[in-house]
Structure formats: C-alpha cells, structure tokens
$ cat entry01.txt   # compact mmCIF, C-alpha atoms
# COMPACT_ATOMS: atom_id res chain seq x y z
CA MET X 1 81.99 92.36 114.82
CA GLU X 2 78.99 94.66 114.82
CA SER X 3 79.64 97.86 116.71
CA THR X 4 77.79 98.19 120.04
CA ASN X 5 77.81 101.99 119.84
CA TYR X 6 76.46 102.20 116.31
CA LEU X 7 74.16 105.07 117.23
CA ASN X 8 77.30 107.21 117.49
CA ILE X 9 78.40 106.33 113.95
CA SER X 10 77.23 108.89 111.44
CA ASN X 11 76.41 108.47 107.78
CA LEU X 12 79.47 108.37 105.55
CA LYS X 13 79.63 110.88 102.70
CA ILE X 14 81.50 109.55 99.69
CA THR X 15 82.54 111.24 96.46
CA VAL X 16 83.19 108.85 93.55
CA PHE X 17 84.97 109.96 90.41
CA GLN X 18 84.22 107.86 87.34
CA ALA X 19 87.02 109.47 85.35
CA TYR X 20 88.29 109.51 81.80
CA LEU X 21 91.99 108.64 81.91
CA PHE X 22 94.76 109.72 79.53
CA TRP X 23 96.90 106.75 78.54
CA GLU X 24 100.25 106.59 80.35
CA ASN X 25 100.29 110.35 80.92
CA VAL X 26 100.73 110.98 84.63
CA ASP X 27 100.99 114.76 84.46
CA LYS X 28 97.92 115.16 82.25
CA ASN X 29 95.85 112.83 84.42
CA LEU X 30 96.78 114.60 87.65
CA GLN X 31 96.08 118.01 86.09
CA ASN X 32 92.71 116.85 84.77
CA LEU X 33 91.73 115.21 88.04
CA SER X 34 92.66 118.36 89.96
CA LEU X 35 90.60 120.52 87.63
CA ARG X 36 87.56 118.25 87.75
CA LEU X 37 87.69 117.99 91.52
CA SER X 38 87.96 121.77 91.90
CA MET X 39 84.88 122.19 89.72
CA GLY X 40 82.85 119.29 91.12
CA VAL X 41 83.46 118.95 94.86
CA LYS X 42 80.95 121.48 96.20
CA GLU X 43 80.28 120.08 99.67
CA LYS X 44 82.21 118.54 102.54
CA THR X 45 82.94 114.89 101.90
CA ASP X 46 84.61 112.15 103.94
CA LEU X 47 86.17 110.20 101.08
CA ILE X 48 87.14 110.74 97.43
CA VAL X 49 87.45 107.52 95.41
CA LEU X 50 89.42 107.35 92.13
CA PRO X 51 89.62 104.41 89.68
CA GLU X 52 92.30 101.74 89.33
CA MET X 53 95.64 103.15 88.06
CA PHE X 54 94.08 106.60 87.94
CA ASN X 55 97.33 108.30 86.95
CA THR X 56 98.23 106.09 83.94
CA GLY X 57 95.37 103.82 82.94
CA PHE X 58 95.68 100.03 83.26
CA SER X 59 99.20 99.79 81.86
CA MET X 60 101.90 97.12 82.03
CA ASN X 61 104.64 99.70 81.35
CA THR X 62 106.06 99.47 84.84
CA ALA X 63 109.67 100.26 83.94
CA ALA X 64 108.73 103.71 82.66
CA LEU X 65 105.81 104.63 84.89
CA ALA X 66 106.12 103.03 88.33
CA GLU X 67 106.79 105.38 91.23
CA ASP X 68 107.97 104.86 94.77
CA MET X 69 105.99 105.88 97.83
CA ASN X 70 107.58 109.35 97.72
CA GLY X 71 106.71 109.96 94.08
CA LYS X 72 104.73 112.77 92.47
CA THR X 73 101.40 110.92 92.55
CA LEU X 74 101.59 110.26 96.29
CA LYS X 75 102.49 113.92 96.85
CA TRP X 76 99.49 114.90 94.70
CA MET X 77 97.24 112.64 96.78
CA GLN X 78 98.53 114.29 99.96
CA GLU X 79 97.75 117.73 98.55
CA VAL X 80 94.23 116.71 97.51
CA ALA X 81 93.50 115.08 100.88
CA GLN X 82 94.64 118.23 102.67
CA LYS X 83 92.74 120.56 100.34
CA TYR X 84 89.41 118.79 100.79
CA ALA X 85 90.04 117.63 104.37
CA CYS X 86 89.11 114.05 103.53
CA VAL X 87 90.60 110.68 102.66
CA VAL X 88 91.62 110.17 99.02
CA THR X 89 92.03 106.68 97.57
CA GLY X 90 92.91 105.07 94.25
CA SER X 91 95.56 102.75 92.86
CA LEU X 92 98.79 103.25 90.95
CA MET X 93 101.86 101.23 90.00
CA ILE X 94 104.45 101.23 92.77
CA LYS X 95 108.01 99.92 92.75
CA GLU X 96 109.22 98.58 96.09
CA ASN X 97 112.07 96.24 97.00
CA GLY X 98 112.62 95.25 93.38
CA GLU X 99 108.95 94.35 92.76
CA PHE X 100 106.06 96.18 91.11
CA TYR X 101 102.62 96.36 92.74
CA ASN X 102 99.19 97.56 91.68
CA ARG X 103 98.74 99.42 94.95
CA LEU X 104 95.61 101.05 96.33
CA VAL X 105 96.72 103.93 98.53
CA TRP X 106 94.48 105.20 101.34
CA MET X 107 95.73 108.75 101.93
CA LEU X 108 94.69 110.75 105.01
CA PRO X 109 94.64 114.56 105.24
CA ASP X 110 97.60 114.52 107.65
CA GLY X 111 99.78 112.85 105.00
CA THR X 112 99.82 109.38 106.55
CA SER X 113 98.63 106.46 104.47
CA SER X 114 97.74 102.78 104.37
CA HIS X 115 97.75 100.57 101.30
CA TYR X 116 96.43 97.37 99.75
CA ASP X 117 98.31 95.49 97.02
CA LYS X 118 96.06 93.80 94.47
CA ARG X 119 95.83 90.10 95.25
CA HIS X 120 94.30 88.71 92.05
CA LEU X 121 96.29 89.75 88.99
CA PHE X 122 94.53 89.65 85.62
CA SER X 123 96.52 86.96 83.81
CA MET X 124 94.60 87.43 80.55
CA GLY X 125 96.07 90.93 80.41
CA SER X 126 99.57 89.80 81.54
CA GLU X 127 99.22 91.63 84.85
CA ASP X 128 100.65 88.58 86.62
CA LYS X 129 103.81 88.83 84.48
CA ASN X 130 104.39 92.48 85.37
CA TYR X 131 103.27 92.80 89.00
CA ALA X 132 103.70 90.87 92.23
CA PRO X 133 100.50 89.80 94.01
CA GLY X 134 99.53 91.20 97.37
CA THR X 135 99.24 88.82 100.30
CA GLU X 136 97.31 90.79 102.91
CA GLN X 137 93.61 91.54 103.31
CA VAL X 138 93.33 95.18 104.38
CA ILE X 139 90.57 96.88 106.37
CA VAL X 140 90.78 100.59 107.17
CA GLU X 141 88.56 102.68 109.43
CA LEU X 142 86.87 105.97 108.65
CA ASN X 143 84.52 107.72 111.11
CA GLY X 144 83.73 104.39 112.76
CA TRP X 145 83.12 102.53 109.48
CA LYS X 146 85.23 99.46 108.72
CA ILE X 147 86.15 99.49 105.03
CA ARG X 148 87.61 96.54 103.11
CA LEU X 149 89.83 97.48 100.17
CA ALA X 150 89.87 95.62 96.83
CA ILE X 151 90.87 96.15 93.21
CA CYS X 152 89.02 95.13 90.03
CA TYR X 153 89.69 91.40 89.36
CA ASP X 154 89.42 90.70 93.12
CA LEU X 155 85.67 91.14 92.66
CA ARG X 156 85.44 87.71 91.00
CA PHE X 157 86.80 85.87 94.05
CA PRO X 158 84.20 85.79 96.85
CA VAL X 159 86.32 83.70 99.23
CA TRP X 160 88.97 86.44 99.33
CA LEU X 161 86.28 89.06 100.00
CA ARG X 162 84.17 87.08 102.47
CA ASN X 163 82.99 89.21 105.39
CA LYS X 164 84.04 86.88 108.19
CA ASN X 165 82.59 87.79 111.59
CA MET X 166 81.16 91.00 110.12
CA GLU X 167 84.63 92.49 110.13
CA TYR X 168 83.76 95.19 107.58
CA ASP X 169 80.81 97.46 106.79
CA LEU X 170 81.76 98.62 103.30
CA LEU X 171 83.58 96.81 100.50
CA LEU X 172 85.33 99.30 98.22
CA VAL X 173 86.34 98.08 94.76
CA ILE X 174 88.20 100.34 92.33
CA ALA X 175 88.53 99.13 88.75
CA SER X 176 89.43 99.38 85.09
CA TRP X 177 86.64 97.03 84.09
CA PRO X 178 86.08 96.73 80.30
CA ASP X 179 82.72 97.35 78.69
CA LYS X 180 82.56 93.88 77.11
CA ARG X 181 82.29 92.32 80.58
CA THR X 182 79.89 94.88 82.03
CA ALA X 183 77.23 92.20 82.64
CA HIS X 184 79.62 90.47 85.03
CA TRP X 185 80.38 93.71 86.90
CA LYS X 186 76.67 94.49 87.25
CA ALA X 187 75.99 91.01 88.63
CA LEU X 188 78.98 90.61 90.95
CA ILE X 189 78.71 93.88 92.87
CA PRO X 190 75.13 93.25 94.11
CA ALA X 191 76.09 89.63 94.85
CA ARG X 192 79.01 90.73 97.05
CA ALA X 193 76.73 93.20 98.88
CA ILE X 194 73.99 90.67 99.60
CA GLU X 195 76.22 87.75 100.56
CA ASN X 196 78.39 89.88 102.86
CA GLN X 197 75.63 92.08 104.32
CA SER X 198 77.63 95.18 103.57
CA TYR X 199 77.56 98.17 101.31
CA VAL X 200 79.62 97.70 98.15
CA ILE X 201 80.95 100.59 96.10
CA GLY X 202 82.53 99.90 92.71
CA VAL X 203 84.30 102.80 90.96
CA ASN X 204 85.25 102.24 87.33
CA ARG X 205 86.75 104.45 84.61
CA VAL X 206 85.37 105.52 81.23
CA GLY X 207 86.83 105.79 77.72
CA HIS X 208 89.29 103.85 75.59
CA ASP X 209 92.74 102.96 76.86
CA GLY X 210 95.95 102.67 74.84
CA ASN X 211 95.05 99.12 73.83
CA GLU X 212 91.71 100.30 72.41
CA VAL X 213 89.82 98.63 75.25
CA TYR X 214 86.62 100.56 75.96
CA HIS X 215 85.42 101.18 79.52
CA SER X 216 81.80 102.24 80.05
CA GLY X 217 81.82 103.03 83.74
CA HIS X 218 78.73 101.64 85.48
CA SER X 219 80.14 102.74 88.83
CA MET X 220 77.66 101.99 91.57
CA CYS X 221 76.87 101.71 95.26
CA ILE X 222 74.69 98.81 96.40
CA ASP X 223 73.29 98.49 99.93
CA PRO X 224 73.17 95.23 101.98
CA ASN X 225 69.67 94.47 100.67
CA GLY X 226 70.81 94.71 97.06
CA ASN X 227 69.22 98.12 96.49
CA THR X 228 70.95 100.73 94.32
CA VAL X 229 72.17 103.86 96.10
CA TYR X 230 74.12 105.20 93.11
CA TYR X 231 74.60 104.07 89.51
CA LYS X 232 76.15 105.77 86.49
CA PRO X 233 76.86 104.24 83.06
CA GLU X 234 78.95 105.62 80.20
CA ASP X 235 79.79 109.24 81.09
CA GLU X 236 82.50 110.74 83.26
CA ASP X 237 80.86 111.48 86.59
CA LEU X 238 81.83 113.10 89.87
CA TYR X 239 79.10 112.47 92.41
CA THR X 240 78.65 112.62 96.18
CA PHE X 241 76.23 110.47 98.16
CA SER X 242 75.82 109.15 101.72
CA ILE X 243 75.50 105.65 103.15
CA ASN X 244 73.65 104.92 106.37
CA TYR X 245 75.11 102.90 109.25
CA ALA X 246 71.80 102.45 111.07
CA GLU X 247 70.33 100.79 107.97
CA LEU X 248 73.30 98.43 107.84
CA VAL X 249 72.75 97.38 111.46
CA LYS X 250 69.01 97.00 110.86
CA ASN X 251 69.66 94.65 107.95
CA ARG X 252 72.03 92.47 109.93
CA ARG X 253 69.70 92.23 112.92
CA SER X 254 66.58 91.43 110.91
CA PHE X 255 68.24 88.66 108.90
CA PRO X 256 71.41 87.52 110.74
CA PHE X 257 72.57 84.82 108.32
CA LEU X 258 76.28 85.65 108.57
CA ARG X 259 76.41 83.89 111.93
CA ASP X 260 75.76 80.61 110.06
CA ALA X 261 78.60 81.10 107.56
CA ASP X 262 81.40 78.57 107.15
CA ASP X 263 84.60 79.20 109.04
CA PHE X 264 87.83 78.97 107.03
CA THR X 265 91.34 80.35 106.71
CA ILE X 266 93.05 81.48 103.51
CA LEU X 267 96.64 80.30 103.39
$ encode --input "entry01.txt" --output "structure tokens"
Amino acid sequence: MESTNYLNISNLKITVFQAYLFWENVDKNLQNLSLRLSMGVKEKTDLIVLPEMFNTGFSMNTAALAEDMNGKTLKWMQEVAQKYACVVTGSLMIKENGEFYNRLVWMLPDGTSSHYDKRHLFSMGSEDKNYAPGTEQVIVELNGWKIRLAICYDLRFPVWLRNKNMEYDLLLVIASWPDKRTAHWKALIPARAIENQSYVIGVNRVGHDGNEVYHSGHSMCIDPNGNTVYYKPEDEDLYTFSINYAELVKNRRSFPFLRDADDFTIL
C-alpha cells in the first residue's frame, strides 16, 4: 500500500550499466565490469544495476558455467557492493539442489542478499530446457522504496507483474533483449509503468553474443505517467539518475485507478 510517511522517503539514485558482455567468459566480464565501474561511478549511488547473465551472456551452457551461491561471481558482487556502499544487482546462472536457475541476485553492502529466479523462461531459445522456472514474486526494499524484481521475458506477462494493492513503487527488469525485437521492448516498458503506476527501469546489454544475436541496448527508465527519465540506444553506457517518490505519490493520488483493478491470485 502507499506509504503514509512518504515525505520521509528520499529520491533514489540509481546507476545502470548497459554493458558489452564477453561470451561465456566470466573472468573477462568481471574484470571489464570492475574497470568500467571504477572509471564511471563518480558519485554516491544507492543501486548499481547490471544486465541479465552479466558474467556470461545469455548462455545455455549451464554444466560449464553455473556457480553456486558461494561462487566467484557472488564474491565479486559482495566486493563491489562494499566498495561503492550500495546495492548491486544482476542475474547469473546458479546451480542449486540439482537444478539450474537464471537468478537475479540483490546484493547488499554487508554481504547479505536476496534473489529472484526468472519465472518465464524463453522457450524459443531453449531456456526452458536448461533452467527451472522460479515460483515466487519478489519485492525488496531500498531506502523506503518497494522494488519488484523481474528478468527479460517476464516483461511480456503483465499478470505476473501486476502491481496489486500498490505493493511496489519500482519495477526493475534486467535483460538480454535482442535488437530485432526492440520495438516490443520500447512498447512494453512504458505500458508496464502506466498500467502499474510505478517507475519501470529496464537494463539491457549491447553487442553480439556467441550465437551472433545482436543487442542494441535501449535501456530506459519510465515514470508512472509514461515520461522518459533515461534512455540510451546502441552504445555501452554507465549512467546515474534519480527517481522521485513524491512524484510517484502525486500521480497515484491525482488518478487513483489502481483501486478499481481486478482482484486475482496466481496459482
């Protein structure tokens, strides 16, 4: 529900990294990301957002590349979160209890973490044959903001992302979204923002992957009115911007249509 003490909730400063990824090369990706962050993060930020499978690219090679929750990539995320005194988030392939997951990890500076396992697996890319689907909707909190976590293909399924009872303020979608479907990406992100009266941030990657699929970025932040806060096509980009909680509350009070939404339960 809408916070009653919203005046005490400050703007959230977010750093998005629309990164070029090296195919199935964990060490090279982590080294490059570290270098780019050290050069590009020039101010205090609350959150650093990396793309889907930021350490490997969107690969199905789980047997060779999947890590556990004590692996080198999680340790790297801990180090980055501590270095910049902020939350770091992005997804990677995780092996757990005999299954593989495309897991978005939400890493705090103190080394604790939450996670969201991708619900909708991209069957046209055989993701459903290599990974197990997540079952839980996950909302995390940062500086009073309620943030719903999602990954790539989830964006196409509005029922899964519906903002029931205004339970979240920001929908965060990380992706490896191909250039040939950019028109869909550019349409769906504003739609999710408007229909859910929330900010939506989509962070994509750039460059070709090992299957010669080209990714053209188009990372963006859209406010609850459908206005663009941030947008970047084509190039690698590391950029910091702020989103405003008072504006979110103003939007919901001036046009409170979410109270008329259908009630439902996902089984």
$ atom_distance --input "entry01.txt" --atom1 "CA of Ser198 (chain X)" --atom2 "CA of Val41 (chain X)"
26.0 Å
$ residues_around --input "entry01.txt" --residues "Asn204 (chain X)" --least-positions-apart "6" --cutoff "7 Å" --atoms "only C-alpha atoms" --output "PyMOL selection string"
chain X and resi 18+51+174-177+217-219
$ closest_residue --input "entry01.txt" --among "X:Glu236, X:Glu212, X:Glu195, X:Asp128" --to "Pro158 (chain X)" --atoms "all atoms listed in the file"
X:Glu195
$ closest_residue --input "entry01.txt" --among "X:Arg205, X:Arg252, X:Lys28, X:Arg119" --to "Asp237 (chain X)" --atoms "all atoms listed in the file"
X:Arg205
$ closest_residue --input "entry01.txt" --among "X:Thr62, X:Asp46, X:Tyr153, X:Gln137" --to "Pro109 (chain X)" --atoms "all atoms listed in the file"
X:Asp46
$ residues_around --input "entry01.txt" --residues "Gly210 (chain X)" --least-positions-apart "6" --cutoff "12 Å" --atoms "all atoms listed in the file" --output "number ranges by chain"
X: 21-25, 56-61
$ atom_distance --input "entry01.txt" --atom1 "CA of Thr182 (chain X)" --atom2 "CA of Asn251 (chain X)"
27.9 Å
$ residues_near_point --input "entry01.txt" --point "(71.3, 96.6, 96.4)" --cutoff "12 Å" --atoms "all atoms listed in the file" --output "ChimeraX atom specification"
/X:186-201,220-231,248,251
$ write_last_selection --input "entry01.txt" --atoms "C-alpha atoms" --output "compact mmCIF listing (two decimals), keeping the file's coordinate frame"
# COMPACT_ATOMS: atom_id res chain seq x y z
CA LYS X 186 76.67 94.49 87.25
CA ALA X 187 75.99 91.01 88.63
CA LEU X 188 78.98 90.61 90.95
CA ILE X 189 78.71 93.88 92.87
CA PRO X 190 75.13 93.25 94.11
CA ALA X 191 76.09 89.63 94.85
CA ARG X 192 79.01 90.73 97.05
CA ALA X 193 76.73 93.20 98.88
CA ILE X 194 73.99 90.67 99.60
CA GLU X 195 76.22 87.75 100.56
CA ASN X 196 78.39 89.88 102.86
CA GLN X 197 75.63 92.08 104.32
CA SER X 198 77.63 95.18 103.57
CA TYR X 199 77.56 98.17 101.31
CA VAL X 200 79.62 97.70 98.15
CA ILE X 201 80.95 100.59 96.10
CA MET X 220 77.66 101.99 91.57
CA CYS X 221 76.87 101.71 95.26
CA ILE X 222 74.69 98.81 96.40
CA ASP X 223 73.29 98.49 99.93
CA PRO X 224 73.17 95.23 101.98
CA ASN X 225 69.67 94.47 100.67
CA GLY X 226 70.81 94.71 97.06
CA ASN X 227 69.22 98.12 96.49
CA THR X 228 70.95 100.73 94.32
CA VAL X 229 72.17 103.86 96.10
CA TYR X 230 74.12 105.20 93.11
CA TYR X 231 74.60 104.07 89.51
CA LEU X 248 73.30 98.43 107.84
CA ASN X 251 69.66 94.65 107.95
$ closest_residue --input "entry01.txt" --among "X:Glu141, X:Asp235, X:Asp68, X:Glu79" --to "Asn97 (chain X)" --atoms "all atoms listed in the file"
X:Asp68
$ atom_distance --input "entry01.txt" --atom1 "CA of Tyr116 (chain X)" --atom2 "CA of Leu149 (chain X)"
6.6 Å
$ closest_residue --input "entry01.txt" --among "X:Ala150, X:Leu155, X:Val105, X:Leu12" --to "Asn244 (chain X)" --atoms "only C-alpha atoms"
X:Leu12
$ residues_around --input "entry01.txt" --residues "Gly71 (chain X)" --least-positions-apart "3" --cutoff "12 Å" --atoms "only C-alpha atoms" --output "PyMOL selection string"
chain X and resi 26+55+65-68+74-78+92-96
$ residues_near_point --input "entry01.txt" --point "(83.6, 117.1, 104.3)" --cutoff "8 Å" --atoms "all atoms listed in the file" --output "PyMOL selection string"
chain X and resi 13+43-46+84-86
$ closest_residue --input "entry01.txt" --among "X:Thr112, X:Asn211, X:Gln82, X:Asn70" --to "Gly125 (chain X)" --atoms "all atoms listed in the file"
X:Asn211
$ residues_around --input "entry01.txt" --residues "Ile266 (chain X)" --least-positions-apart "3" --cutoff "12 Å" --atoms "all atoms listed in the file" --output "JSON, numbers by chain"
{"X": [135, 136, 137, 158, 159, 160, 161, 162, 164, 263]}
$ build_atoms --input "entry01.txt" --residues "region 32-50 of chain X" --atoms "N, CA and C atoms" --output "PDB file, in the coordinates of the input"
ATOM      1  N   ASN X  32      94.144 116.971  85.066  1.00  0.00           N
ATOM      2  CA  ASN X  32      92.710 116.850  84.770  1.00  0.00           C
ATOM      3  C   ASN X  32      91.911 116.507  86.011  1.00  0.00           C
ATOM      4  N   LEU X  33      92.427 115.586  86.809  1.00  0.00           N
ATOM      5  CA  LEU X  33      91.730 115.210  88.040  1.00  0.00           C
ATOM      6  C   LEU X  33      91.618 116.403  88.978  1.00  0.00           C
ATOM      7  N   SER X  34      92.688 117.173  89.100  1.00  0.00           N
ATOM      8  CA  SER X  34      92.660 118.360  89.960  1.00  0.00           C
ATOM      9  C   SER X  34      91.604 119.352  89.492  1.00  0.00           C
ATOM     10  N   LEU X  35      91.565 119.586  88.184  1.00  0.00           N
ATOM     11  CA  LEU X  35      90.600 120.520  87.630  1.00  0.00           C
ATOM     12  C   LEU X  35      89.173 120.055  87.867  1.00  0.00           C
ATOM     13  N   ARG X  36      88.909 118.785  87.579  1.00  0.00           N
ATOM     14  CA  ARG X  36      87.560 118.250  87.750  1.00  0.00           C
ATOM     15  C   ARG X  36      87.121 118.270  89.199  1.00  0.00           C
ATOM     16  N   LEU X  37      88.032 117.948  90.103  1.00  0.00           N
ATOM     17  CA  LEU X  37      87.690 117.990  91.520  1.00  0.00           C
ATOM     18  C   LEU X  37      87.384 119.409  91.972  1.00  0.00           C
ATOM     19  N   SER X  38      88.176 120.374  91.503  1.00  0.00           N
ATOM     20  CA  SER X  38      87.960 121.770  91.900  1.00  0.00           C
ATOM     21  C   SER X  38      86.611 122.293  91.406  1.00  0.00           C
ATOM     22  N   MET X  39      86.161 121.773  90.281  1.00  0.00           N
ATOM     23  CA  MET X  39      84.880 122.190  89.720  1.00  0.00           C
ATOM     24  C   MET X  39      83.703 121.429  90.328  1.00  0.00           C
ATOM     25  N   GLY X  40      83.955 120.175  90.769  1.00  0.00           N
ATOM     26  CA  GLY X  40      82.850 119.290  91.120  1.00  0.00           C
ATOM     27  C   GLY X  40      82.623 119.027  92.585  1.00  0.00           C
ATOM     28  N   VAL X  41      83.633 119.212  93.423  1.00  0.00           N
ATOM     29  CA  VAL X  41      83.460 118.950  94.860  1.00  0.00           C
ATOM     30  C   VAL X  41      82.930 120.228  95.496  1.00  0.00           C
ATOM     31  N   LYS X  42      81.620 120.265  95.723  1.00  0.00           N
ATOM     32  CA  LYS X  42      80.950 121.480  96.200  1.00  0.00           C
ATOM     33  C   LYS X  42      80.529 121.401  97.658  1.00  0.00           C
ATOM     34  N   GLU X  43      80.700 120.247  98.275  1.00  0.00           N
ATOM     35  CA  GLU X  43      80.280 120.080  99.670  1.00  0.00           C
ATOM     36  C   GLU X  43      81.314 119.247 100.404  1.00  0.00           C
ATOM     37  N   LYS X  44      81.278 119.317 101.727  1.00  0.00           N
ATOM     38  CA  LYS X  44      82.210 118.540 102.540  1.00  0.00           C
ATOM     39  C   LYS X  44      81.963 117.065 102.318  1.00  0.00           C
ATOM     40  N   THR X  45      83.030 116.326 102.101  1.00  0.00           N
ATOM     41  CA  THR X  45      82.940 114.890 101.900  1.00  0.00           C
ATOM     42  C   THR X  45      83.942 114.195 102.808  1.00  0.00           C
ATOM     43  N   ASP X  46      83.703 112.919 103.087  1.00  0.00           N
ATOM     44  CA  ASP X  46      84.610 112.150 103.940  1.00  0.00           C
ATOM     45  C   ASP X  46      85.660 111.397 103.130  1.00  0.00           C
ATOM     46  N   LEU X  47      85.327 111.096 101.871  1.00  0.00           N
ATOM     47  CA  LEU X  47      86.170 110.200 101.080  1.00  0.00           C
ATOM     48  C   LEU X  47      86.014 110.517  99.602  1.00  0.00           C
ATOM     49  N   ILE X  48      87.133 110.633  98.890  1.00  0.00           N
ATOM     50  CA  ILE X  48      87.140 110.740  97.430  1.00  0.00           C
ATOM     51  C   ILE X  48      87.744 109.450  96.880  1.00  0.00           C
ATOM     52  N   VAL X  49      87.016 108.799  95.959  1.00  0.00           N
ATOM     53  CA  VAL X  49      87.450 107.520  95.410  1.00  0.00           C
ATOM     54  C   VAL X  49      87.751 107.683  93.918  1.00  0.00           C
ATOM     55  N   LEU X  50      88.966 107.294  93.518  1.00  0.00           N
ATOM     56  CA  LEU X  50      89.420 107.350  92.130  1.00  0.00           C
ATOM     57  C   LEU X  50      89.543 105.925  91.580  1.00  0.00           C
TER      58      LEU X  50
END
